[in-house]
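Before any comments, here is the structure.
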Amino acid sequence: MSTGTLPNIGKVATVEVDGLSVRYARSGPGDGLPILLTAPWPESIYAFHRVAPRLVSKHPLIMVDLPGFGGSQSRSDIMAPAAMGEFMVSLLKHFGVRRAHAVSPDVGTLAVLFAAAKRQDLFESLVVGSAAMRPDLAGDRLRNLINSPPGTLANIDGADAVKDYLAHAAQITPAAIIEDFRAASAGRRFEEAVQYVRGYVGDLPKLEPLLFGINTPVLIIAGKDDPIVPPANGQFLADRLPRNRYLLLDAQHRIWEEAFSAYAEALVSWLGGGYRSL
C-alpha cells in the first residue's frame with residue numbers, strides 16, 4: 001500500500017439507516033455467521049485494516065462507522081450509548097442479519113452491550129473493551145470530555161483536537177488511514193462525537209445492572225498500559241458479565257493496531273469456536 005492509498009478492506013459504500021447515511025465495508029464469503037465490527041473513536045472502519053485479513057477467509061464481515069463517527073452522519077438524538085444500542089439493532093435488521101458476532105471496541109462496546117441486553121437473540125458472541133464503564137474510571141483526558149458542557153468544542157476544528165492522538169497513531173498506522181481518521185473529526189465532527197461520551201453520565205448507571213443479565217459469551221480485551229481507558233474498566237465488566245473471558249494485551253489504547261497480531265489471534269480463536277467454552 002502506498003502512503004496515499006487506503007487499503008482494500010472490502011467494498012466500501014454508504015447506506016441510509018434510520019434516516020442517517022452510514023459508511024460501511026463488506027467482505028468475506030456470502031454465507032456463514034457474519035461478524036459486525038464497529039469502529040473505535042476517533043478512528044474509522046480502516047482501524048481494522050490489519051485485523052480484517054485474518055478473519056475474512058472464514059467469516060462474512062460487516063465493518064461499520066457508527067453514526068457520528070468515522071465517515072457516518074451524526075444526529076443529536078442518537079449520540080448516547082443507549083440510543084446507539086437501539087441503532088445497532090436497526091442496523092442488523094437493515095443488513096438482514098438475524099444473528100451475528102459483534103466486535104465492538106471503544107465507543108461501540110457500550111452500544112453493543114445495551115443492544116445485547118435488549119436483544120440477546122441477535123448475538124452469538126461479543127468482543128468488547130477499551131471503553132469507560134464509569135466516568136470516574138476513565139483516564140484524565142477522556143474524563144474531561146465526558147464532563148465537558150455541550151458546545152464547548154463547537155468553535156474549534158476537530159482535526160486539531162485529535163492532533164496528538166493521530167501523531168501517536170501515525171507511528172505505526174499508514175498515512176492514508178491517518179488522513180481518513182483526521183477527516184472523521186474535522187470541523188464540528190469532534191464536538192458531535194463528544195456528545196456521545198457526555199451521554200456516559202446518564203447512561204452508564206443504567207447499563208451496569210443490565211450486565212448481570214447478559215448471558216451472551218463475551219471476550220473482553222484491553223491494553224495493559226491504556227492511559228485513556230485504564231484496565232480497571234475491563235475488570236469492571238469481568239466482575240459483572242456472567243460468561244466472559246478477560247484478556248490484557250501488552251499495548252496502550254489502540255490494541256487493534258499496537259498489538260494487532262495478538263488481538264487478531266484472540267479473535268480468530270474466539271470466533272472459531274473458543275466462545276463456546278463459556
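Following the order of the C-alpha cells, chains are lettered A, B, ..., residues in each are numbered from 1, and ligands are numbered from 1.
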
Contact table range 12-53 of chain A vs range 62-65 of chain A, cut-off 7 Å, shortest pair per residue, only C-alpha atoms, as a Markdown table:
```
| residue | atom | partner | partner_atom | distance |
| --- | --- | --- | --- | --- |
| A:Val22 | CA | A:Asp65 | CA | 6.6 |
| A:Arg23 | CA | A:Asp65 | CA | 5.7 |
| A:Tyr24 | CA | A:Val64 | CA | 4.4 |
| A:Ala25 | CA | A:Met63 | CA | 5.1 |
| A:Arg26 | CA | A:Ile62 | CA | 4.8 |
| A:Ser27 | CA | A:Ile62 | CA | 6.9 |
| A:Ile35 | CA | A:Ile62 | CA | 6.2 |
| A:Leu36 | CA | A:Ile62 | CA | 4.9 |
| A:Leu37 | CA | A:Met63 | CA | 4.6 |
| A:Thr38 | CA | A:Val64 | CA | 4.9 |
| A:Ala39 | CA | A:Asp65 | CA | 5.5 |
| A:Ser44 | CA | A:Asp65 | CA | 5.9 |
| A:Ile45 | CA | A:Asp65 | CA | 5.9 |
```

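Non-sequential neighbours of Val194 in chain A (distance at most 9 Å, separation of 4 or more positions within a chain, only C-alpha atoms) are Met79, Leu145, Ile146, Ser148, Pro150, Leu153, Arg189, Phe190, Arg198 and Gly199 of chain A.
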
Name the residues of range 30-247 of chain A that come out as helix (DSSP H, G or I) in a backbone DSSP run; write them as a ChimeraX atom specification. /A:45-48,52-55,76-78,81-94,107-118,120-122,135-137,140-146,158-161,163-169,175-185,189-198,200-211,232-238

Selected residues, C-alpha atoms, written as an mmCIF file, in the first residue's frame, please.
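Okay, this is what ended up in again.cif:
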```cif
data_model
loop_
_atom_site.group_PDB
_atom_site.id
_atom_site.type_symbol
_atom_site.label_atom_id
_atom_site.label_comp_id
_atom_site.auth_asym_id
_atom_site.auth_seq_id
_atom_site.Cartn_x
_atom_site.Cartn_y
_atom_site.Cartn_z
ATOM 1 C CA ILE A 45 -13.524 1.292 9.681
ATOM 2 C CA TYR A 46 -9.916 1.446 8.473
ATOM 3 C CA ALA A 47 -8.820 0.783 12.060
ATOM 4 C CA PHE A 48 -9.399 -2.878 11.157
ATOM 5 C CA ALA A 52 -9.821 -7.993 8.863
ATOM 6 C CA PRO A 53 -7.492 -10.057 6.626
ATOM 7 C CA ARG A 54 -7.159 -12.604 9.449
ATOM 8 C CA LEU A 55 -10.932 -13.082 9.620
ATOM 9 C CA SER A 76 -28.118 14.514 18.202
ATOM 10 C CA ASP A 77 -30.824 12.087 19.348
ATOM 11 C CA ILE A 78 -28.658 9.052 18.672
ATOM 12 C CA PRO A 81 -24.825 4.712 24.324
ATOM 13 C CA ALA A 82 -28.403 3.530 24.920
ATOM 14 C CA ALA A 83 -29.725 5.207 21.771
ATOM 15 C CA MET A 84 -26.780 3.856 19.771
ATOM 16 C CA GLY A 85 -27.630 0.379 21.036
ATOM 17 C CA GLU A 86 -31.113 0.779 19.568
ATOM 18 C CA PHE A 87 -29.496 1.879 16.314
ATOM 19 C CA MET A 88 -27.316 -1.248 16.218
ATOM 20 C CA VAL A 89 -30.454 -3.375 16.317
ATOM 21 C CA SER A 90 -31.839 -1.376 13.372
ATOM 22 C CA LEU A 91 -28.521 -1.726 11.557
ATOM 23 C CA LEU A 92 -28.517 -5.523 11.790
ATOM 24 C CA LYS A 93 -32.119 -5.597 10.621
ATOM 25 C CA HIS A 94 -31.221 -3.419 7.631
ATOM 26 C CA VAL A 107 -17.345 3.524 21.936
ATOM 27 C CA GLY A 108 -19.042 0.529 20.312
ATOM 28 C CA THR A 109 -18.683 -1.523 23.499
ATOM 29 C CA LEU A 110 -21.339 0.422 25.371
ATOM 30 C CA ALA A 111 -23.769 0.432 22.454
ATOM 31 C CA VAL A 112 -23.466 -3.292 21.805
ATOM 32 C CA LEU A 113 -23.907 -4.110 25.487
ATOM 33 C CA PHE A 114 -27.147 -2.110 25.540
ATOM 34 C CA ALA A 115 -28.209 -3.894 22.336
ATOM 35 C CA ALA A 116 -27.343 -7.330 23.730
ATOM 36 C CA ALA A 117 -29.170 -6.640 26.983
ATOM 37 C CA LYS A 118 -32.338 -5.988 24.990
ATOM 38 C CA GLN A 120 -29.649 -11.355 23.142
ATOM 39 C CA ASP A 121 -31.102 -13.391 20.282
ATOM 40 C CA LEU A 122 -29.154 -11.204 17.827
ATOM 41 C CA PRO A 135 -16.804 8.349 34.203
ATOM 42 C CA ASP A 136 -14.507 8.154 37.226
ATOM 43 C CA LEU A 137 -12.709 5.123 35.736
ATOM 44 C CA ASP A 140 -7.963 12.212 32.667
ATOM 45 C CA ARG A 141 -8.336 13.316 29.056
ATOM 46 C CA LEU A 142 -11.433 11.245 28.369
ATOM 47 C CA ARG A 143 -12.962 12.150 31.735
ATOM 48 C CA ASN A 144 -12.595 15.846 30.874
ATOM 49 C CA LEU A 145 -14.510 15.283 27.638
ATOM 50 C CA ILE A 146 -17.227 13.294 29.420
ATOM 51 C CA GLY A 158 -11.962 18.893 15.489
ATOM 52 C CA ALA A 159 -8.952 17.819 13.430
ATOM 53 C CA ASP A 160 -6.824 19.960 15.771
ATOM 54 C CA ALA A 161 -8.444 18.334 18.813
ATOM 55 C CA LYS A 163 -3.823 16.070 16.506
ATOM 56 C CA ASP A 164 -1.814 14.488 19.339
ATOM 57 C CA TYR A 165 -3.751 11.217 19.170
ATOM 58 C CA LEU A 166 -3.161 10.948 15.446
ATOM 59 C CA ALA A 167 0.503 11.891 15.722
ATOM 60 C CA HIS A 168 0.972 8.948 18.080
ATOM 61 C CA ALA A 169 -1.095 6.673 15.846
ATOM 62 C CA ALA A 175 -0.616 7.988 6.327
ATOM 63 C CA ALA A 176 -3.688 7.459 4.148
ATOM 64 C CA ILE A 177 -5.554 5.942 7.079
ATOM 65 C CA ILE A 178 -4.464 8.762 9.383
ATOM 66 C CA GLU A 179 -5.972 11.204 6.869
ATOM 67 C CA ASP A 180 -9.247 9.291 6.969
ATOM 68 C CA PHE A 181 -9.194 9.467 10.775
ATOM 69 C CA ARG A 182 -8.479 13.196 10.612
ATOM 70 C CA ALA A 183 -11.414 13.821 8.282
ATOM 71 C CA ALA A 184 -13.678 11.938 10.691
ATOM 72 C CA SER A 185 -13.105 14.630 13.340
ATOM 73 C CA ARG A 189 -17.422 16.488 13.864
ATOM 74 C CA PHE A 190 -15.391 16.225 17.050
ATOM 75 C CA GLU A 191 -17.924 18.208 19.074
ATOM 76 C CA GLU A 192 -20.699 15.978 17.711
ATOM 77 C CA ALA A 193 -18.757 12.863 18.695
ATOM 78 C CA VAL A 194 -18.024 14.184 22.182
ATOM 79 C CA GLN A 195 -21.764 14.417 22.734
ATOM 80 C CA TYR A 196 -21.751 10.604 22.762
ATOM 81 C CA VAL A 197 -19.283 10.349 25.653
ATOM 82 C CA ARG A 198 -21.156 13.082 27.526
ATOM 83 C CA TYR A 200 -21.998 8.293 29.684
ATOM 84 C CA VAL A 201 -23.065 10.312 32.727
ATOM 85 C CA GLY A 202 -26.719 9.393 32.271
ATOM 86 C CA ASP A 203 -26.457 6.034 30.514
ATOM 87 C CA LEU A 204 -23.693 4.122 32.286
ATOM 88 C CA PRO A 205 -25.552 3.855 35.610
ATOM 89 C CA LYS A 206 -28.425 2.294 33.610
ATOM 90 C CA LEU A 207 -26.109 -0.154 31.876
ATOM 91 C CA GLU A 208 -24.414 -1.553 34.980
ATOM 92 C CA PRO A 209 -27.388 -3.534 36.348
ATOM 93 C CA LEU A 210 -28.120 -4.878 32.856
ATOM 94 C CA LEU A 211 -24.671 -6.504 32.611
ATOM 95 C CA ALA A 232 -9.950 -1.245 35.648
ATOM 96 C CA ASN A 233 -12.764 -0.764 33.135
ATOM 97 C CA GLY A 234 -12.221 -4.234 31.697
ATOM 98 C CA GLN A 235 -12.213 -5.670 35.200
ATOM 99 C CA PHE A 236 -15.485 -3.831 35.847
ATOM 100 C CA LEU A 237 -17.035 -5.845 33.014
ATOM 101 C CA ALA A 238 -15.347 -9.088 34.024
#
```

With only C-alpha atoms as the counted atoms, please give the residues lying no more than 9 Å from Arg50 in chain A, apart from itself and same-chain residues fewer than 6 positions off, as an MDAnalysis selection string. chainID A and resid 256:257 260:261 264

Go ahead and save the residues from that selection, with C-alpha atoms, as a PDB file, in the first residue's frame.
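Okay, this is what ended up in result-v5.pdb:
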```pdb
ATOM      1  CA  TRP A 256      -6.288  -3.450  17.372  1.00  0.00           C
ATOM      2  CA  GLU A 257      -3.160  -1.794  15.918  1.00  0.00           C
ATOM      3  CA  PHE A 260      -2.691  -6.400  16.200  1.00  0.00           C
ATOM      4  CA  SER A 261      -1.086  -9.851  15.969  1.00  0.00           C
ATOM      5  CA  ALA A 264      -6.169 -10.933  15.720  1.00  0.00           C
TER       6      ALA A 264
END
```

For CA of Asp250 in chain A and CA of Asp225 in chain A, determine how far apart the two atoms are, in Å to one decimal place.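 Between CA of Asp250 in chain A and CA of Asp225 in chain A the gap is 7.2 Å.
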
Run DSSP on the backbone and give me the residues of range 15-191 of chain A it puts in strand (DSSP E or B), as a VMD selection string. chain A and resid 15 to 17 20 to 27 35 to 38 61 to 64 100 to 103 123 to 128

Quick one: write out the picked residues with C-alpha atoms as a compact mmCIF listing (two decimals), in the first residue's frame?
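Output (out-v4.txt):
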```
# COMPACT_ATOMS: atom_id res chain seq x y z
CA VAL A 15 -26.33 3.21 3.16
CA GLU A 16 -29.25 5.03 4.76
CA VAL A 17 -30.37 3.51 8.05
CA LEU A 20 -28.77 8.52 8.55
CA SER A 21 -26.02 7.99 5.99
CA VAL A 22 -23.78 5.24 7.34
CA ARG A 23 -20.42 4.20 5.89
CA TYR A 24 -19.61 0.51 5.90
CA ALA A 25 -17.43 -2.10 4.24
CA ARG A 26 -18.38 -5.69 3.40
CA SER A 27 -16.10 -8.59 2.58
CA ILE A 35 -19.14 -10.53 12.15
CA LEU A 36 -20.21 -6.95 12.76
CA LEU A 37 -17.17 -4.76 13.52
CA THR A 38 -17.81 -1.23 14.77
CA LEU A 61 -17.50 -9.16 7.61
CA ILE A 62 -19.56 -6.00 8.01
CA MET A 63 -17.40 -3.11 9.21
CA VAL A 64 -19.35 -0.01 10.23
CA ALA A 100 -24.02 -12.25 14.39
CA HIS A 101 -20.81 -11.99 16.31
CA ALA A 102 -20.01 -8.40 17.23
CA VAL A 103 -16.51 -6.94 17.60
CA PHE A 123 -25.68 -12.01 19.14
CA GLU A 124 -23.74 -15.25 19.04
CA SER A 125 -20.87 -13.62 20.95
CA LEU A 126 -19.41 -10.22 21.75
CA VAL A 127 -15.85 -8.88 21.73
CA VAL A 128 -15.61 -5.63 23.70
```

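The residue that comes closest to Ala131 in chain A, out of A:Trp41, A:Phe95, A:Trp270, A:Phe212 and on the basis of only C-alpha atoms, is A:Trp41.
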
Between CA of Ala138 in chain A and CA of Ile228 in chain A, distance in Å (one decimal):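 So the two atoms, CA of Ala138 in chain A and CA of Ile228 in chain A, lie 6.4 Å apart.
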
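Going from CA of Ser269 in chain A over to CA of Val12 in chain A, you cover 26.6 Å.
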